[in-house]
Amino acid sequence: MNTPVPARANAPERYYNYAYLDEQTKRMIRRSILKALAIPGYQVPFGSREMPVPYGWGTGGIQLTAAIIGPDDVYKCIDQGADDTTNAVSIRRFFANVADVATTEDTGEATIIQTRHRIPEKPLKEGQVLVYQVPQPEPLRGLEARETETRAMHAYEEYGLQYVSLYENVSAYGRIAATAGYPVMVEERYLMSPSPIPKFDNPKMAQNEAVMLFGAGREKRIYAVPPFTRVRSLDFEDYPFETQTWEETCALCGAKDSYLDEVILDDAGDKMFVCSDSHHCAERRAAGHVGPMAGHTLDQDAALKEPAQ
Amino acid sequence: MNAIPGRIAPAPLLSVEGLTKWYGHVLGCRDVAFDLRPGEVLGIVGESGSGKTTLLNCISGKLTPTSGEVRFDTRRFGLTDIYGLSEPDRRRMQREEWGFVHQNPRDGLRMRVSGGANVAEPLMNLGGRHYGNMRQATIDWLDRVELDTRRIDDKPRNFSGGMQQRIQVARNLIHGPRLVFMDEPTGGLDVSVQARLLDLLRELVRDLGLAVIIVTHDMAVARLMADRLMVMKGGEVVETGLTDQVLDDPQHPYTQLLVSSVLQI
């Protein structure tokens, strides 16, 4: 990564350093990433920089991506699983601009995938890096407000407190009702908040082939799950961990095993369920899968010739 | 204490020696020494500012003393200086073998989680991972401290002060500690609630054979709860002895003043 970047066609009008951050900052972040990979699940403090987006919009993830990206990378960015949401489009365009990388919506061909709230449905491969945007890296924060205390708890592996939140869940709802940001144990040592991904995605983190990096910009923490790491979701002996299931299938591609979003269609209470992973859904539809509400293909020429009444 | 001939005095559970705490130039407590045996209730009395709470915090591992030793008969290491243990060992020992009842239940409870979860937390801290068993233990303990078990899932803020204190007592006894510290457990409660809570505490302490160190400025509480008293003034212990002996026949002028200033109705 230290090889000099070759001059680009637009070099004269380039205003920012390659990948936006200056080289010293990127080195600092890379050092933190290496430490995080060496101690899976441990939150490494780093000097988070001001980014051209507000906190909460993915400043941690953008800094991680900026530190690891190179001109031959292929970049994908998703928000809630979708490639086409405003935030995902903006961040993708940002890196296309400042890092001259190719961008894609294809999970399979991306080398760096920046995500918020989802892990793509398609299994990740060796050589891919999944970058998470994390709002609150500390899983114990909701129960223990003191940072000194939570640090001691991590240091001494005192994780009984996390079970209090699960206990509350079971006593209030009769099951572990927590759905997103479900706490996990990494390599049976560090308790980790997997950022607000749905617990549906938790099992995908275990023994994953890809590198998973987590960046929290406001909280100034980086942590990581290296490839082939044990990741276990917490549970009780009599209330084992389980993921969400749906009775419905995806209305567009008919998928039965993907994470579905509920979309309200009108005031009469009609609704549809669609894959939250837009690329997964599009790929299935292209392969000929049809869901119950899939429409006809648009004939644009016909629409132009015969405008609606 | 003189040993009774023909009987071997049990080994001390807690042994404090030369305990001194300075806050810069201000004295917290000076040269305190005592032994506490299993099942014994020690009262620490004195006016406010006399160093009672400093002493309690030093003994309970919350505040490092300037000098002196606090030795506790730990299950894993035997009789050992708690400040000589590594921090994780000390924290584990505190979790497993001690309880701490605060004066203000807000200091001792997690106000954001339900009463039931507050009571069950020590079990989870000690590795309890079976919800059903912990739930049952919680219900049993709420019953034992005479709380309505149907209110198990209410938040602490929805309980009255006396009830919050009962939750705190249950939370500090559920894991079977051997030593419980109490800092003015009945302060801030009205007299009838105070009397019932004291009655309950006395019963539990006797039933469980707990050793207790109770800090109070209330002579009535001391009389009811404590086997032995330590009277503190200006950071120093001025008189010790059996409770009835100290209260009925005070020797030190300050103790005499303290006993005579109790309001009579």
# chains A, B, ... in the order shown; residues from 1 in each chain; ligands from 1
>>> interface_residues(of="chain B", to="chain A", cutoff="6 Å", atoms="only C-alpha atoms", output="PyMOL selection string")
chain B and resi 88+124-125+129-130
>>> select_by_dssp(residues="range 69-132 of chain B", states="strand (DSSP E or B)", output="PyMOL selection string")
chain B and resi 69-74+78-81+98-101
>>> write_last_selection(atoms="N, CA and C atoms", output="compact mmCIF listing (two decimals), in the first residue's frame")
# COMPACT_ATOMS: atom_id res chain seq x y z
N GLU B 69 -3.71 -2.91 56.80
CA GLU B 69 -4.07 -4.12 56.07
C GLU B 69 -5.52 -4.51 56.32
N VAL B 70 -6.17 -5.00 55.27
CA VAL B 70 -7.50 -5.58 55.40
C VAL B 70 -7.38 -7.02 54.91
N ARG B 71 -7.43 -7.97 55.84
CA ARG B 71 -7.30 -9.38 55.43
C ARG B 71 -8.66 -10.05 55.51
N PHE B 72 -8.98 -10.79 54.44
CA PHE B 72 -10.26 -11.47 54.39
C PHE B 72 -10.02 -12.94 54.09
N ASP B 73 -10.85 -13.79 54.72
CA ASP B 73 -10.69 -15.23 54.54
C ASP B 73 -11.36 -15.65 53.23
N THR B 74 -10.65 -15.45 52.10
CA THR B 74 -11.23 -15.75 50.80
C THR B 74 -11.29 -17.25 50.56
N GLY B 78 -7.54 -18.20 50.90
CA GLY B 78 -7.41 -18.21 52.34
C GLY B 78 -7.36 -16.78 52.87
N LEU B 79 -6.87 -16.62 54.12
CA LEU B 79 -6.81 -15.30 54.73
C LEU B 79 -5.73 -14.47 54.04
N THR B 80 -6.17 -13.41 53.33
CA THR B 80 -5.19 -12.66 52.54
C THR B 80 -5.56 -11.18 52.49
N ASP B 81 -4.54 -10.34 52.33
CA ASP B 81 -4.76 -8.90 52.25
C ASP B 81 -5.46 -8.60 50.92
N TRP B 98 -19.02 -11.10 48.84
CA TRP B 98 -19.49 -9.94 49.55
C TRP B 98 -20.81 -9.41 49.00
N GLY B 99 -21.47 -8.63 49.83
CA GLY B 99 -22.61 -7.85 49.37
C GLY B 99 -22.43 -6.44 49.91
N PHE B 100 -23.07 -5.45 49.28
CA PHE B 100 -22.96 -4.08 49.77
C PHE B 100 -24.31 -3.40 49.63
N VAL B 101 -24.94 -3.10 50.77
CA VAL B 101 -26.23 -2.42 50.74
C VAL B 101 -25.98 -0.93 50.97
>>> select_by_dssp(residues="range 15-169 of chain A", states="alpha helix (DSSP H)", output="MDAnalysis selection string")
chainID A and resid 23:38 59:68 86:99 147:155 160:169
>>> write_last_selection(atoms="C-alpha atoms", output="mmCIF file, in the first residue's frame")
data_model
loop_
_atom_site.group_PDB
_atom_site.id
_atom_site.type_symbol
_atom_site.label_atom_id
_atom_site.label_comp_id
_atom_site.auth_asym_id
_atom_site.auth_seq_id
_atom_site.Cartn_x
_atom_site.Cartn_y
_atom_site.Cartn_z
ATOM 1 C CA GLU A 23 -0.837 9.635 4.459
ATOM 2 C CA GLN A 24 0.028 9.971 8.169
ATOM 3 C CA THR A 25 -3.598 9.575 9.161
ATOM 4 C CA LYS A 26 -3.971 6.521 6.965
ATOM 5 C CA ARG A 27 -0.862 4.976 8.542
ATOM 6 C CA MET A 28 -2.274 5.641 11.998
ATOM 7 C CA ILE A 29 -5.561 3.971 11.068
ATOM 8 C CA ARG A 30 -3.732 1.010 9.482
ATOM 9 C CA ARG A 31 -1.760 0.497 12.689
ATOM 10 C CA SER A 32 -5.022 0.455 14.641
ATOM 11 C CA ILE A 33 -6.511 -2.018 12.143
ATOM 12 C CA LEU A 34 -3.524 -4.344 12.550
ATOM 13 C CA LYS A 35 -3.883 -4.227 16.319
ATOM 14 C CA ALA A 36 -7.612 -4.849 16.047
ATOM 15 C CA LEU A 37 -7.005 -7.867 13.810
ATOM 16 C CA ALA A 38 -4.418 -9.196 16.240
ATOM 17 C CA THR A 59 -17.521 8.476 9.399
ATOM 18 C CA GLY A 60 -15.872 5.447 11.013
ATOM 19 C CA GLY A 61 -16.496 3.224 8.018
ATOM 20 C CA ILE A 62 -15.332 5.883 5.561
ATOM 21 C CA GLN A 63 -12.055 6.323 7.454
ATOM 22 C CA LEU A 64 -11.426 2.569 7.485
ATOM 23 C CA THR A 65 -12.139 2.332 3.762
ATOM 24 C CA ALA A 66 -9.915 5.335 3.028
ATOM 25 C CA ALA A 67 -7.069 3.692 4.933
ATOM 26 C CA ILE A 68 -7.219 0.356 3.105
ATOM 27 C CA THR A 86 -28.947 8.073 -0.797
ATOM 28 C CA ASN A 87 -26.233 7.450 1.750
ATOM 29 C CA ALA A 88 -24.823 4.428 -0.104
ATOM 30 C CA VAL A 89 -24.830 6.269 -3.434
ATOM 31 C CA SER A 90 -23.091 9.317 -1.934
ATOM 32 C CA ILE A 91 -20.370 7.351 -0.199
ATOM 33 C CA ARG A 92 -19.786 5.223 -3.311
ATOM 34 C CA ARG A 93 -19.459 8.337 -5.441
ATOM 35 C CA PHE A 94 -17.150 9.869 -2.840
ATOM 36 C CA PHE A 95 -14.653 7.030 -3.183
ATOM 37 C CA ALA A 96 -15.015 6.864 -6.951
ATOM 38 C CA ASN A 97 -14.014 10.524 -6.830
ATOM 39 C CA VAL A 98 -11.191 10.634 -4.305
ATOM 40 C CA ALA A 99 -9.707 7.145 -4.814
ATOM 41 C CA GLU A 147 -16.166 3.954 30.447
ATOM 42 C CA THR A 148 -13.637 3.119 33.192
ATOM 43 C CA GLU A 149 -15.937 0.366 34.400
ATOM 44 C CA THR A 150 -16.688 -1.121 30.961
ATOM 45 C CA ARG A 151 -12.972 -1.166 30.154
ATOM 46 C CA ALA A 152 -12.313 -3.099 33.366
ATOM 47 C CA MET A 153 -15.122 -5.483 32.480
ATOM 48 C CA HIS A 154 -13.552 -6.202 29.090
ATOM 49 C CA ALA A 155 -10.091 -6.523 30.599
ATOM 50 C CA GLY A 160 -22.394 -11.250 33.339
ATOM 51 C CA LEU A 161 -23.927 -7.808 32.988
ATOM 52 C CA GLN A 162 -24.712 -8.328 29.302
ATOM 53 C CA TYR A 163 -27.030 -11.154 30.268
ATOM 54 C CA VAL A 164 -29.108 -8.693 32.296
ATOM 55 C CA SER A 165 -30.359 -7.179 29.037
ATOM 56 C CA LEU A 166 -31.253 -10.636 27.705
ATOM 57 C CA TYR A 167 -32.983 -11.430 31.010
ATOM 58 C CA GLU A 168 -35.021 -8.251 30.679
ATOM 59 C CA ASN A 169 -35.986 -9.284 27.173
#
>>> residues_around(residues="range 209-226 of chain B", least_positions_apart="6", cutoff="7 Å", atoms="only C-alpha atoms", output="short mmCIF file (atom, residue, chain, number, x, y, z; two decimals) with C-alpha atoms, in the first residue's frame")
data_model
loop_
_atom_site.label_atom_id
_atom_site.label_comp_id
_atom_site.auth_asym_id
_atom_site.auth_seq_id
_atom_site.Cartn_x
_atom_site.Cartn_y
_atom_site.Cartn_z
CA PRO B 38 -18.19 -15.59 60.84
CA GLY B 39 -21.79 -14.80 61.73
CA GLU B 40 -20.90 -11.70 63.72
CA VAL B 41 -22.61 -8.34 63.26
CA LEU B 42 -20.39 -5.35 63.87
CA GLY B 43 -21.92 -1.89 64.17
CA ILE B 44 -19.91 1.24 63.44
CA VAL B 45 -21.51 4.31 65.01
CA GLY B 46 -20.56 7.93 65.24
CA GLU B 47 -21.70 11.35 64.09
CA LYS B 52 -17.53 5.77 59.37
CA ARG B 178 -20.38 -14.51 53.63
CA LEU B 179 -19.94 -10.85 54.48
CA VAL B 180 -22.34 -8.00 53.83
CA PHE B 181 -21.56 -4.32 54.24
CA MET B 182 -24.42 -2.00 55.02
CA ASP B 183 -24.14 1.76 54.88
CA GLU B 184 -27.09 3.28 56.76
CA ARG B 202 -32.25 -9.14 61.57
CA THR B 243 -23.46 -3.53 71.99
#
>>> atom_distance(atom1="CA of Arg144 in chain B", atom2="CA of Asp107 in chain B")
22.2 Å
>>> residues_around(residues="Leu109 in chain B", least_positions_apart="3", cutoff="8 Å", atoms="only C-alpha atoms", output="list in words")
Pro105, Arg106, Asn118, Pro156 and Gln168 of chain B
>>> residues_around(residues="range 195-197 of chain B", least_positions_apart="3", cutoff="10 Å", atoms="only C-alpha atoms", output="NGL selection string")
:B and (145-146 or 162-163 or 165-166 or 169 or 185-186 or 189-192 or 200-203 or 220-221 or 224)
>>> residues_around(residues="Gly115 in chain B", least_positions_apart="4", cutoff="9 Å", atoms="only C-alpha atoms", output="ChimeraX atom specification")
/B:109-111,119-120,151-156,159,164,167-168
>>> residues_around(residues="Arg118 in chain A", least_positions_apart="3", cutoff="9 Å", atoms="only C-alpha atoms", output="list in words")
Ile78, Asp79, Gln80, Gly81, Ala82, Thr115, Glu121, Tyr132, Pro196, Ile197, Pro198, Asp201, Ser276 and Asp277 of chain A
>>> write_last_selection(atoms="C-alpha atoms", output="PDB file, in the first residue's frame")
ATOM      1  CA  ILE A  78     -24.709  -0.676   0.968  1.00  0.00           C
ATOM      2  CA  ASP A  79     -27.089   0.879   3.445  1.00  0.00           C
ATOM      3  CA  GLN A  80     -29.753  -1.395   4.958  1.00  0.00           C
ATOM      4  CA  GLY A  81     -28.676  -3.939   2.344  1.00  0.00           C
ATOM      5  CA  ALA A  82     -29.526  -1.666  -0.582  1.00  0.00           C
ATOM      6  CA  THR A 115     -21.990  -1.599   4.982  1.00  0.00           C
ATOM      7  CA  GLU A 121     -26.758 -12.530   1.458  1.00  0.00           C
ATOM      8  CA  TYR A 132     -18.995  -1.779   9.081  1.00  0.00           C
ATOM      9  CA  PRO A 196     -26.698  -2.667  14.300  1.00  0.00           C
ATOM     10  CA  ILE A 197     -26.885  -5.587  11.873  1.00  0.00           C
ATOM     11  CA  PRO A 198     -29.992  -7.745  12.406  1.00  0.00           C
ATOM     12  CA  ASP A 201     -26.809 -11.889  10.040  1.00  0.00           C
ATOM     13  CA  SER A 276     -33.367  -5.995   1.960  1.00  0.00           C
ATOM     14  CA  ASP A 277     -30.282  -7.002  -0.077  1.00  0.00           C
TER      15      ASP A 277
END
>>> closest_residue(among="A:Glu209, A:Asp267, A:Asp100, A:Glu188", to="Pro123 in chain A", atoms="only C-alpha atoms")
A:Glu209
